[in-house]
$ cat target21.tsv   # TSV, C-alpha atoms and all ligand atoms
chain	number	residue	atom	x	y	z
A	7	MET	CA	-8.53	-24.27	36.60
A	8	LYS	CA	-6.01	-21.52	36.08
A	9	LYS	CA	-5.97	-18.69	38.59
A	10	ARG	CA	-7.34	-15.38	37.30
A	11	VAL	CA	-7.64	-11.73	38.31
A	12	LEU	CA	-11.31	-10.84	37.77
A	13	ASN	CA	-11.74	-7.27	38.81
A	14	ALA	CA	-10.03	-4.31	40.49
A	15	TRP	CA	-11.32	-1.26	42.31
A	16	PRO	CA	-9.90	1.56	44.45
A	17	SER	CA	-11.37	3.04	47.61
A	18	THR	CA	-10.39	5.11	50.62
A	19	ARG	CA	-11.41	4.23	54.14
A	20	ALA	CA	-10.55	4.32	57.78
A	21	SER	CA	-9.06	0.96	58.75
A	22	PRO	CA	-10.38	-0.90	61.83
A	23	GLN	CA	-7.39	0.58	63.71
A	24	GLY	CA	-8.60	4.07	62.80
A	25	GLU	CA	-5.87	4.58	60.21
A	26	TRP	CA	-6.93	6.44	57.03
A	27	VAL	CA	-5.85	4.49	53.94
A	28	SER	CA	-6.16	4.28	50.16
A	29	ARG	CA	-6.86	0.76	49.01
A	30	LEU	CA	-6.70	-1.14	45.77
A	31	VAL	CA	-8.59	-4.42	45.84
A	32	LEU	CA	-7.94	-7.11	43.23
A	33	GLU	CA	-10.56	-9.82	43.10
A	34	THR	CA	-9.16	-13.24	42.08
A	35	THR	CA	-10.42	-16.81	41.63
A	36	ALA	CA	-7.58	-18.00	43.91
A	37	LEU	CA	-4.53	-16.39	45.47
A	38	PRO	CA	-1.46	-15.89	43.25
A	39	GLY	CA	1.59	-18.13	43.77
A	40	ASP	CA	3.74	-15.22	44.86
A	41	ILE	CA	3.51	-11.42	45.18
A	42	GLN	CA	6.44	-9.04	44.74
A	43	VAL	CA	6.49	-5.34	45.51
A	44	GLU	CA	9.00	-2.83	44.12
A	45	ARG	CA	9.09	0.93	44.57
A	46	PHE	CA	10.73	3.45	42.27
A	47	CYS	CA	10.49	7.05	41.06
A	48	GLU	CA	9.49	8.06	37.58
A	49	GLY	CA	9.68	11.36	35.70
A	50	GLN	CA	10.83	14.51	37.45
A	51	GLY	CA	10.89	12.87	40.88
A	52	LEU	CA	7.24	13.83	41.37
A	53	ASP	CA	5.66	10.48	40.71
A	54	HIS	CA	6.33	7.54	42.96
A	55	VAL	CA	5.57	4.21	41.38
A	56	LEU	CA	4.67	1.07	43.21
A	57	LYS	CA	4.99	-2.04	41.10
A	58	VAL	CA	3.18	-5.10	42.38
A	59	THR	CA	3.65	-8.35	40.44
A	60	LEU	CA	1.31	-11.27	41.00
A	61	TYR	CA	2.84	-14.58	39.85
A	62	ASP	CA	1.21	-17.76	38.60
A	63	ILE	CA	-2.04	-15.97	37.75
A	64	GLY	CA	-3.68	-14.66	34.56
A	65	LEU	CA	-5.92	-11.69	33.77
A	66	THR	CA	-9.63	-12.10	32.97
A	67	MET	CA	-10.57	-8.42	33.26
A	68	ALA	CA	-9.37	-6.18	30.41
A	69	GLU	CA	-6.02	-4.44	30.79
A	70	ASP	CA	-6.94	-1.10	32.29
A	71	ASP	CA	-5.79	2.35	33.39
A	72	ILE	CA	-7.92	3.31	36.37
A	73	LEU	CA	-8.09	7.03	37.16
A	74	VAL	CA	-8.16	7.31	40.95
A	75	ALA	CA	-7.04	10.89	41.78
A	76	ASP	CA	-7.80	10.52	45.49
A	77	GLY	CA	-4.97	12.82	46.55
A	78	LEU	CA	-2.55	9.90	47.08
A	79	ILE	CA	-3.04	7.52	44.13
A	80	LYS	CA	-3.08	9.16	40.71
A	81	THR	CA	-3.72	6.15	38.49
A	82	VAL	CA	-3.43	2.38	38.50
A	83	ARG	CA	-2.24	0.46	35.43
A	84	ILE	CA	-3.12	-3.20	35.20
A	85	ARG	CA	-1.36	-5.31	32.57
A	86	ALA	CA	-0.94	-9.00	31.75
A	87	GLY	CA	2.64	-10.19	32.31
A	88	GLU	CA	4.79	-12.36	30.08
A	89	ASN	CA	3.02	-15.40	28.58
A	90	SER	CA	-0.04	-14.44	30.65
A	91	ARG	CA	1.55	-16.14	33.67
A	92	SER	CA	1.68	-13.04	35.81
A	93	VAL	CA	-0.19	-9.76	36.32
A	94	ASN	CA	1.56	-6.39	36.68
A	95	VAL	CA	-0.08	-3.68	38.74
A	96	GLU	CA	1.53	-0.24	38.70
A	97	VAL	CA	0.24	2.27	41.20
A	98	ILE	CA	1.26	5.87	40.41
A	99	LEU	CA	1.46	7.88	43.65
A	100	GLU	CA	1.73	11.59	44.46
A	101	HIS	CA	3.67	10.87	47.68
A	102	PRO	CA	6.01	8.03	48.65
A	103	VAL	CA	4.39	5.60	51.11
A	104	GLU	CA	5.18	2.18	52.53
A	105	PRO	CA	2.57	-0.24	51.17
A	106	ARG	CA	1.12	-3.30	52.83
A	107	VAL	CA	-0.13	-6.15	50.70
A	108	LEU	CA	-2.70	-8.58	52.09
A	109	ALA	CA	-3.67	-11.87	50.45
A	110	ASN	CA	-7.14	-12.91	51.62
A	111	PRO	CA	-8.20	-16.45	50.65
A	112	GLY	CA	-11.90	-17.00	49.95
A	113	LEU	CA	-14.50	-17.12	47.20
A	114	PRO	CA	-13.53	-14.90	45.54
A	115	SER	CA	-10.07	-14.33	47.01
A	116	THR	CA	-8.71	-10.80	47.15
A	117	VAL	CA	-5.31	-9.17	47.09
A	118	GLU	CA	-5.41	-5.82	48.88
A	119	ILE	CA	-2.77	-3.15	48.38
A	120	ILE	CA	-3.05	-0.80	51.35
A	121	LEU	CA	-1.45	2.64	51.30
A	122	PRO	CA	-1.46	4.81	54.44
A	123	ARG	CA	-2.56	8.36	53.70
A	124	ASP	CA	-0.12	9.81	56.28
A	125	PRO	CA	1.65	12.12	53.76
A	126	LEU	CA	-1.63	14.01	53.27
A	127	ILE	CA	-2.06	14.36	57.02
A	128	THR	CA	1.50	15.66	57.32
A	129	LEU	CA	0.85	18.07	54.45
A	130	PHE	CA	-2.45	19.48	55.74
A	131	THR	CA	-2.04	19.46	59.51
A	132	GLY	CA	-2.10	22.97	60.97
A	133	HIS	CA	-3.32	24.60	57.75
A	134	ARG	CA	-6.38	26.81	57.96
A	135	ILE	CA	-8.20	26.63	54.66
A	136	GLY	CA	-10.92	29.19	53.90
A	137	ILE	CA	-14.00	28.00	52.01
A	138	ASP	CA	-16.53	30.58	50.88
A	139	PRO	CA	-19.68	29.15	49.27
A	140	GLY	CA	-21.42	31.99	47.41
A	141	HIS	CA	-24.96	33.35	47.82
A	142	GLY	CA	-27.38	32.03	50.49
A	143	GLY	CA	-30.65	33.06	52.12
A	144	ARG	CA	-32.75	35.30	49.84
A	145	ASP	CA	-29.98	35.25	47.23
A	146	PRO	CA	-30.27	31.90	45.40
A	147	GLY	CA	-27.61	32.57	42.72
A	148	VAL	CA	-28.13	30.69	39.45
A	149	ARG	CA	-31.30	28.61	39.09
A	150	GLY	CA	-30.91	25.39	37.04
A	151	PRO	CA	-33.45	24.23	34.41
A	152	VAL	CA	-35.07	21.90	37.00
A	153	ASN	CA	-34.73	24.46	39.81
A	154	LEU	CA	-31.53	23.33	41.48
A	155	LEU	CA	-30.13	26.46	43.15
A	156	GLU	CA	-26.53	27.63	43.13
A	157	LYS	CA	-26.65	28.51	46.84
A	158	ASP	CA	-27.45	24.86	47.68
A	159	VAL	CA	-24.96	23.37	45.20
A	160	VAL	CA	-22.01	25.38	46.50
A	161	LEU	CA	-22.95	24.71	50.12
A	162	GLN	CA	-22.92	20.95	49.47
A	163	VAL	CA	-19.53	21.14	47.75
A	164	ALA	CA	-18.25	23.22	50.68
A	165	GLN	CA	-19.43	20.58	53.16
A	166	GLU	CA	-17.80	17.71	51.23
A	167	LEU	CA	-14.57	19.69	50.90
A	168	SER	CA	-14.62	20.63	54.56
A	169	SER	CA	-14.94	17.00	55.67
A	170	LEU	CA	-12.06	15.90	53.39
A	171	LEU	CA	-9.89	18.67	54.83
A	172	LYS	CA	-10.77	17.74	58.42
A	173	GLN	CA	-9.96	14.10	57.73
A	174	SER	CA	-6.51	15.29	56.59
A	175	GLY	CA	-5.85	17.27	59.76
A	176	ALA	CA	-6.51	20.71	58.26
A	177	GLU	CA	-8.80	23.26	59.85
A	178	PRO	CA	-11.38	24.41	57.37
A	179	VAL	CA	-12.80	27.90	57.96
A	180	THR	CA	-16.17	28.18	56.21
A	181	SER	CA	-17.92	31.51	55.64
A	182	ARG	CA	-21.41	30.03	55.94
A	183	GLN	CA	-22.52	26.63	57.26
A	184	GLY	CA	-26.19	26.98	56.35
A	185	ASP	CA	-28.63	28.82	54.12
A	186	VAL	CA	-27.84	32.34	55.34
A	187	GLU	CA	-27.25	35.60	53.57
A	188	LEU	CA	-23.83	37.21	54.02
A	189	ASP	CA	-22.35	40.29	52.39
A	190	ASP	CA	-18.73	40.39	51.20
A	191	ASP	CA	-17.50	42.10	54.36
A	192	ALA	CA	-19.12	39.49	56.58
A	193	ARG	CA	-17.53	36.68	54.55
A	194	ARG	CA	-14.12	38.29	54.83
A	195	ARG	CA	-14.60	38.83	58.55
A	196	VAL	CA	-15.41	35.15	59.24
A	197	LEU	CA	-12.34	34.03	57.32
A	198	SER	CA	-10.09	36.57	58.94
A	199	GLU	CA	-11.32	35.73	62.44
A	200	GLY	CA	-10.73	32.04	61.63
A	201	ARG	CA	-7.19	32.98	60.50
A	202	ALA	CA	-7.68	31.35	57.09
A	203	GLU	CA	-4.44	31.42	55.08
A	204	LEU	CA	-6.17	31.21	51.70
A	205	CYS	CA	-9.71	31.31	50.38
A	206	VAL	CA	-11.53	29.20	47.80
A	207	GLN	CA	-14.79	30.87	46.74
A	208	LEU	CA	-17.31	28.41	45.32
A	209	HIS	CA	-19.81	29.42	42.65
A	210	THR	CA	-21.44	27.88	39.60
A	211	SER	CA	-21.39	29.27	36.05
A	212	ALA	CA	-24.36	29.97	33.82
A	213	ASP	CA	-25.01	31.02	30.27
A	214	LYS	CA	-28.02	32.54	28.51
A	215	ASP	CA	-27.72	29.75	25.95
A	216	PRO	CA	-28.92	26.55	27.71
A	217	MET	CA	-26.75	24.42	25.40
A	218	VAL	CA	-23.50	26.09	26.45
A	219	GLN	CA	-21.29	24.53	29.15
A	220	ARG	CA	-18.81	27.06	30.48
A	221	TYR	CA	-16.60	26.99	33.55
A	222	ARG	CA	-14.72	29.91	35.03
A	223	LEU	CA	-11.82	30.68	37.30
A	224	PHE	CA	-11.02	34.02	38.92
A	225	VAL	CA	-7.78	34.85	40.72
A	226	LYS	CA	-6.70	37.91	42.70
A	227	ARG	CA	-4.91	40.39	40.45
A	228	ASP	CA	-1.12	40.69	40.97
A	229	CYS	CA	-1.05	37.81	43.44
A	230	ASP	CA	1.29	34.97	42.47
A	231	LYS	CA	-0.10	32.64	45.13
A	232	SER	CA	-3.69	33.16	43.94
A	233	LEU	CA	-2.58	32.36	40.41
A	234	ALA	CA	-0.68	29.27	41.59
A	235	LEU	CA	-3.67	28.02	43.59
A	236	GLY	CA	-6.04	28.71	40.69
A	237	THR	CA	-3.78	26.87	38.27
A	238	GLU	CA	-3.66	23.80	40.52
A	239	LEU	CA	-7.46	23.81	40.96
A	240	LYS	CA	-7.92	24.09	37.20
A	241	SER	CA	-5.61	21.18	36.41
A	242	ALA	CA	-7.07	18.97	39.16
A	243	LEU	CA	-10.61	19.59	37.82
A	244	LYS	CA	-9.44	18.79	34.31
A	245	GLU	CA	-7.75	15.60	35.48
A	246	ARG	CA	-10.61	14.25	37.61
A	247	MET	CA	-13.74	15.72	35.99
A	248	GLY	CA	-12.60	16.45	32.42
A	249	ILE	CA	-13.66	20.08	32.92
A	250	ASN	CA	-11.96	22.60	30.65
A	251	ILE	CA	-11.55	26.07	32.08
A	252	PRO	CA	-10.14	28.14	29.21
A	253	GLY	CA	-8.17	30.81	31.09
A	254	HIS	CA	-8.67	32.93	34.14
A	255	GLU	CA	-10.29	36.24	34.98
A	256	PHE	CA	-9.52	38.60	37.84
A	257	ILE	CA	-11.08	39.29	41.22
A	258	GLU	CA	-11.08	43.08	41.34
A	259	ASP	CA	-11.87	43.35	45.05
A	260	THR	CA	-8.59	44.53	46.58
A	261	ARG	CA	-9.70	44.11	50.20
A	262	TRP	CA	-8.61	40.47	50.41
A	263	SER	CA	-5.32	40.19	52.29
A	264	ILE	CA	-4.89	36.44	51.62
A	265	PRO	CA	-4.62	34.51	48.33
A	266	VAL	CA	-8.15	34.06	46.99
A	267	VAL	CA	-9.59	32.23	44.02
A	268	ARG	CA	-13.13	31.86	42.76
A	269	ILE	CA	-13.91	28.61	41.03
A	270	GLU	CA	-17.03	27.70	39.03
A	271	PRO	CA	-16.72	23.95	38.39
A	272	LEU	CA	-20.33	23.44	37.28
A	273	CYS	CA	-22.48	25.15	34.63
A	274	LEU	CA	-25.85	25.14	36.33
A	275	SER	CA	-27.80	26.53	33.35
A	276	HIS	CA	-26.93	23.34	31.43
A	277	PHE	CA	-29.32	20.43	32.04
A	278	VAL	CA	-26.57	17.76	32.01
A	279	ASP	CA	-24.50	19.56	34.66
A	280	GLU	CA	-27.59	20.07	36.77
A	281	ALA	CA	-28.58	16.39	36.48
A	282	ASN	CA	-25.02	15.20	37.21
A	283	PHE	CA	-24.89	17.24	40.36
A	284	ARG	CA	-27.83	15.39	41.87
A	285	ALA	CA	-25.61	12.27	42.12
A	286	PRO	CA	-23.74	12.18	45.46
A	287	LEU	CA	-20.67	10.62	43.82
A	288	PHE	CA	-20.40	13.54	41.39
A	289	ARG	CA	-20.48	16.06	44.26
A	290	LYS	CA	-17.76	14.10	46.05
A	291	ARG	CA	-15.63	14.12	42.90
A	292	ILE	CA	-15.86	17.89	42.55
A	293	ALA	CA	-14.86	18.32	46.21
A	294	GLN	CA	-12.05	15.75	45.80
A	295	SER	CA	-10.72	17.63	42.75
A	296	ILE	CA	-10.65	20.92	44.66
A	297	TYR	CA	-8.96	19.15	47.59
A	298	ASN	CA	-6.32	17.70	45.23
A	299	GLY	CA	-5.63	21.17	43.82
A	300	ILE	CA	-5.21	22.63	47.32
A	301	ALA	CA	-2.89	19.72	48.27
A	302	ARG	CA	-0.62	20.39	45.29
A	303	TYR	CA	-0.60	24.10	46.05
A	304	LEU	CA	0.40	23.39	49.68
A	305	ARG	CA	3.24	21.16	48.54
A	306	LYS	CA	4.70	24.17	46.72
A	307	PHE	CA	3.78	27.05	49.04
A	308	GLY	CA	2.62	25.36	52.21
A	309	THR	CA	5.49	26.15	54.58
A	310	ALA	CA	4.09	28.68	57.00
B	401	ZN	ZN	-22.48	32.73	42.06

$ encode --input "target21.tsv" --output "structure tokens" --more "lines below"
Ligand SMILES: [Zn+2]
Amino acid sequence: MKKRVLNAWPSTRASPQGEWVSRLVLETTALPGDIQVERFCEGQGLDHVLKVTLYDIGLTMAEDDILVADGLIKTVRIRAGENSRSVNVEVILEHPVEPRVLANPGLPSTVEIILPRDPLITLFTGHRIGIDPGHGGRDPGVRGPVNLLEKDVVLQVAQELSSLLKQSGAEPVTSRQGDVELDDDARRRVLSEGRAELCVQLHTSADKDPMVQRYRLFVKRDCDKSLALGTELKSALKERMGINIPGHEFIEDTRWSIPVVRIEPLCLSHFVDEANFRAPLFRKRIAQSIYNGIARYLRKFGTA
């Protein structure tokens, strides 16, 4: 029987040695005859491409473009090679890394492409990232059609985001950890005492019309860094979640001394958005998108 690639999936995990890695696993009926790895740059020097060719093996799964957007891998393209006697896997990366490829015999066999997430740790280490989930306590914020509350939604996103940042070596500074009520001054004070260098305020949108899905972004007026951060968050949410934020509005509060943006990546008055949010994977994706936006901002403006 001819050897075949059956399936492919990405994941991130801490390796048994405690190393944090992105992984692409290819499930196969038997191991390929040979595996070759090439690295090159594509486009404006921003994308690093890893080309892995599996020889003497065909493709059973459909040719596919897998959107990963985990902060290191952007996408994975899987194509059948010439005469269906090889399989080409192209991994599009945001940072150059040295891959390891493991061939694990078994039923099924797997080929693992392992990518250390060190560039993200280098990028984030030492950065103090402010996270300000809105509302709390007696102030619930928006109430969804089935009673999901904005104060709880934004707190959960803040917690997911905070753990991603910690894993990357950053120091998240969060205005509230629990269901407590804080005024604007108290929020600013927590962030300033934690020496946050920027602030992402988390809210959800709402509309009087329950059929409308709208998403909003606010940036500090006359602040180039706020605008840059907001723009990165917007494009990361579009890329990962398909969320369209039409433009941006302004935060009129002039008391913020650091770049600040307010993002509303969920329309809680819409029943689909409310239902989606109850899935843990969806919450993780929103947090991952915000993380990706912060990472791209830091690559441009991150030198302290
Ligand atoms: Zn709000």

$ residues_around --input "target21.tsv" --residues "Pro151 in chain A" --least-positions-apart "3" --cutoff "12 Å" --atoms "only C-alpha atoms" --output "list of chain:residue names"
A:Val148, A:Leu154, A:Leu155, A:Glu156, A:Ala212, A:Asp213, A:Lys214, A:Asp215, A:Pro216, A:Met217, A:Cys273, A:Leu274, A:Ser275, A:His276, A:Phe277, A:Val278, A:Asp279, A:Glu280, A:Ala281

$ residues_near_ligand --input "target21.tsv" --ligand "ligand ZN 401 (chain B)" --cutoff "6 Å" --atoms "all atoms listed in the file" --output "compact mmCIF listing (two decimals) with C-alpha atoms, keeping the file's coordinate frame"
# COMPACT_ATOMS: atom_id res chain seq x y z
CA GLY A 140 -21.42 31.99 47.41
CA GLY A 147 -27.61 32.57 42.72
CA HIS A 209 -19.81 29.42 42.65
CA THR A 210 -21.44 27.88 39.60

$ closest_residue --input "target21.tsv" --among "A:Val43, A:Ile98, A:Leu208, A:Leu197" --to "Gln162 in chain A" --atoms "all atoms listed in the file"
A:Leu208

$ closest_residue --input "target21.tsv" --among "A:Leu170, A:Ala242, A:Val225, A:Leu287" --to "Pro265 in chain A" --atoms "only C-alpha atoms"
A:Val225

$ closest_residue --input "target21.tsv" --among "A:Leu235, A:Leu188, A:Ile79, A:Val93" --to "Lys157 in chain A" --atoms "only C-alpha atoms"
A:Leu188

$ closest_residue --input "target21.tsv" --among "A:Gly39, A:Arg106, A:Gly112, A:Pro16" --to "Val82 in chain A" --atoms "all atoms listed in the file"
A:Pro16

$ build_atoms --input "target21.tsv" --residues "range 212-232 of chain A" --atoms "N, CA, C and O atoms" --output "PDB file, keeping the file's coordinate frame"
ATOM      1  N   ALA A 212     -23.086  30.029  34.541  1.00  0.00           N
ATOM      2  CA  ALA A 212     -24.360  29.970  33.820  1.00  0.00           C
ATOM      3  C   ALA A 212     -24.172  30.668  32.486  1.00  0.00           C
ATOM      4  O   ALA A 212     -23.254  31.470  32.323  1.00  0.00           O
ATOM      5  N   ASP A 213     -25.028  30.337  31.553  1.00  0.00           N
ATOM      6  CA  ASP A 213     -25.010  31.020  30.270  1.00  0.00           C
ATOM      7  C   ASP A 213     -26.440  31.211  29.790  1.00  0.00           C
ATOM      8  O   ASP A 213     -27.313  30.405  30.132  1.00  0.00           O
ATOM      9  N   LYS A 214     -26.664  32.295  29.040  1.00  0.00           N
ATOM     10  CA  LYS A 214     -28.020  32.540  28.510  1.00  0.00           C
ATOM     11  C   LYS A 214     -28.437  31.413  27.577  1.00  0.00           C
ATOM     12  O   LYS A 214     -29.602  31.049  27.491  1.00  0.00           O
ATOM     13  N   ASP A 215     -27.451  30.856  26.860  1.00  0.00           N
ATOM     14  CA  ASP A 215     -27.720  29.750  25.950  1.00  0.00           C
ATOM     15  C   ASP A 215     -27.709  28.437  26.752  1.00  0.00           C
ATOM     16  O   ASP A 215     -26.678  28.043  27.288  1.00  0.00           O
ATOM     17  N   PRO A 216     -28.869  27.748  26.854  1.00  0.00           N
ATOM     18  CA  PRO A 216     -28.920  26.550  27.710  1.00  0.00           C
ATOM     19  C   PRO A 216     -28.076  25.391  27.179  1.00  0.00           C
ATOM     20  O   PRO A 216     -27.888  24.398  27.894  1.00  0.00           O
ATOM     21  N   MET A 217     -27.568  25.492  25.946  1.00  0.00           N
ATOM     22  CA  MET A 217     -26.750  24.420  25.400  1.00  0.00           C
ATOM     23  C   MET A 217     -25.250  24.639  25.653  1.00  0.00           C
ATOM     24  O   MET A 217     -24.432  23.799  25.313  1.00  0.00           O
ATOM     25  N   VAL A 218     -24.916  25.784  26.227  1.00  0.00           N
ATOM     26  CA  VAL A 218     -23.500  26.090  26.450  1.00  0.00           C
ATOM     27  C   VAL A 218     -23.057  25.594  27.834  1.00  0.00           C
ATOM     28  O   VAL A 218     -23.759  25.785  28.819  1.00  0.00           O
ATOM     29  N   GLN A 219     -21.905  24.916  27.869  1.00  0.00           N
ATOM     30  CA  GLN A 219     -21.290  24.530  29.150  1.00  0.00           C
ATOM     31  C   GLN A 219     -20.016  25.351  29.305  1.00  0.00           C
ATOM     32  O   GLN A 219     -19.071  25.176  28.544  1.00  0.00           O
ATOM     33  N   ARG A 220     -20.017  26.260  30.263  1.00  0.00           N
ATOM     34  CA  ARG A 220     -18.810  27.060  30.480  1.00  0.00           C
ATOM     35  C   ARG A 220     -18.440  27.019  31.957  1.00  0.00           C
ATOM     36  O   ARG A 220     -19.291  26.891  32.827  1.00  0.00           O
ATOM     37  N   TYR A 221     -17.129  27.068  32.188  1.00  0.00           N
ATOM     38  CA  TYR A 221     -16.600  26.990  33.550  1.00  0.00           C
ATOM     39  C   TYR A 221     -15.606  28.110  33.712  1.00  0.00           C
ATOM     40  O   TYR A 221     -14.876  28.432  32.769  1.00  0.00           O
ATOM     41  N   ARG A 222     -15.557  28.727  34.880  1.00  0.00           N
ATOM     42  CA  ARG A 222     -14.720  29.910  35.030  1.00  0.00           C
ATOM     43  C   ARG A 222     -13.849  29.843  36.284  1.00  0.00           C
ATOM     44  O   ARG A 222     -14.191  29.198  37.266  1.00  0.00           O
ATOM     45  N   LEU A 223     -12.748  30.556  36.184  1.00  0.00           N
ATOM     46  CA  LEU A 223     -11.820  30.680  37.300  1.00  0.00           C
ATOM     47  C   LEU A 223     -11.437  32.142  37.426  1.00  0.00           C
ATOM     48  O   LEU A 223     -11.151  32.800  36.423  1.00  0.00           O
ATOM     49  N   PHE A 224     -11.457  32.651  38.654  1.00  0.00           N
ATOM     50  CA  PHE A 224     -11.020  34.020  38.920  1.00  0.00           C
ATOM     51  C   PHE A 224      -9.897  33.975  39.942  1.00  0.00           C
ATOM     52  O   PHE A 224      -9.976  33.223  40.921  1.00  0.00           O
ATOM     53  N   VAL A 225      -8.860  34.770  39.728  1.00  0.00           N
ATOM     54  CA  VAL A 225      -7.780  34.850  40.720  1.00  0.00           C
ATOM     55  C   VAL A 225      -7.556  36.317  41.083  1.00  0.00           C
ATOM     56  O   VAL A 225      -7.911  37.226  40.314  1.00  0.00           O
ATOM     57  N   LYS A 226      -6.971  36.544  42.263  1.00  0.00           N
ATOM     58  CA  LYS A 226      -6.700  37.910  42.700  1.00  0.00           C
ATOM     59  C   LYS A 226      -5.622  38.515  41.797  1.00  0.00           C
ATOM     60  O   LYS A 226      -4.599  37.879  41.553  1.00  0.00           O
ATOM     61  N   ARG A 227      -5.868  39.728  41.345  1.00  0.00           N
ATOM     62  CA  ARG A 227      -4.910  40.390  40.450  1.00  0.00           C
ATOM     63  C   ARG A 227      -3.573  40.625  41.166  1.00  0.00           C
ATOM     64  O   ARG A 227      -3.558  40.927  42.363  1.00  0.00           O
ATOM     65  N   ASP A 228      -2.475  40.463  40.438  1.00  0.00           N
ATOM     66  CA  ASP A 228      -1.120  40.690  40.970  1.00  0.00           C
ATOM     67  C   ASP A 228      -0.810  39.861  42.213  1.00  0.00           C
ATOM     68  O   ASP A 228      -0.126  40.334  43.121  1.00  0.00           O
ATOM     69  N   CYS A 229      -1.343  38.664  42.282  1.00  0.00           N
ATOM     70  CA  CYS A 229      -1.050  37.810  43.440  1.00  0.00           C
ATOM     71  C   CYS A 229      -0.590  36.447  42.906  1.00  0.00           C
ATOM     72  O   CYS A 229      -1.390  35.663  42.396  1.00  0.00           O
ATOM     73  N   ASP A 230       0.717  36.201  43.024  1.00  0.00           N
ATOM     74  CA  ASP A 230       1.290  34.970  42.470  1.00  0.00           C
ATOM     75  C   ASP A 230       0.698  33.723  43.121  1.00  0.00           C
ATOM     76  O   ASP A 230       0.494  32.706  42.468  1.00  0.00           O
ATOM     77  N   LYS A 231       0.437  33.816  44.432  1.00  0.00           N
ATOM     78  CA  LYS A 231      -0.100  32.640  45.130  1.00  0.00           C
ATOM     79  C   LYS A 231      -1.525  32.328  44.685  1.00  0.00           C
ATOM     80  O   LYS A 231      -1.897  31.164  44.564  1.00  0.00           O
ATOM     81  N   SER A 232      -2.325  33.381  44.458  1.00  0.00           N
ATOM     82  CA  SER A 232      -3.690  33.160  43.940  1.00  0.00           C
ATOM     83  C   SER A 232      -3.620  32.465  42.586  1.00  0.00           C
ATOM     84  O   SER A 232      -4.372  31.521  42.314  1.00  0.00           O
TER      85      SER A 232
END
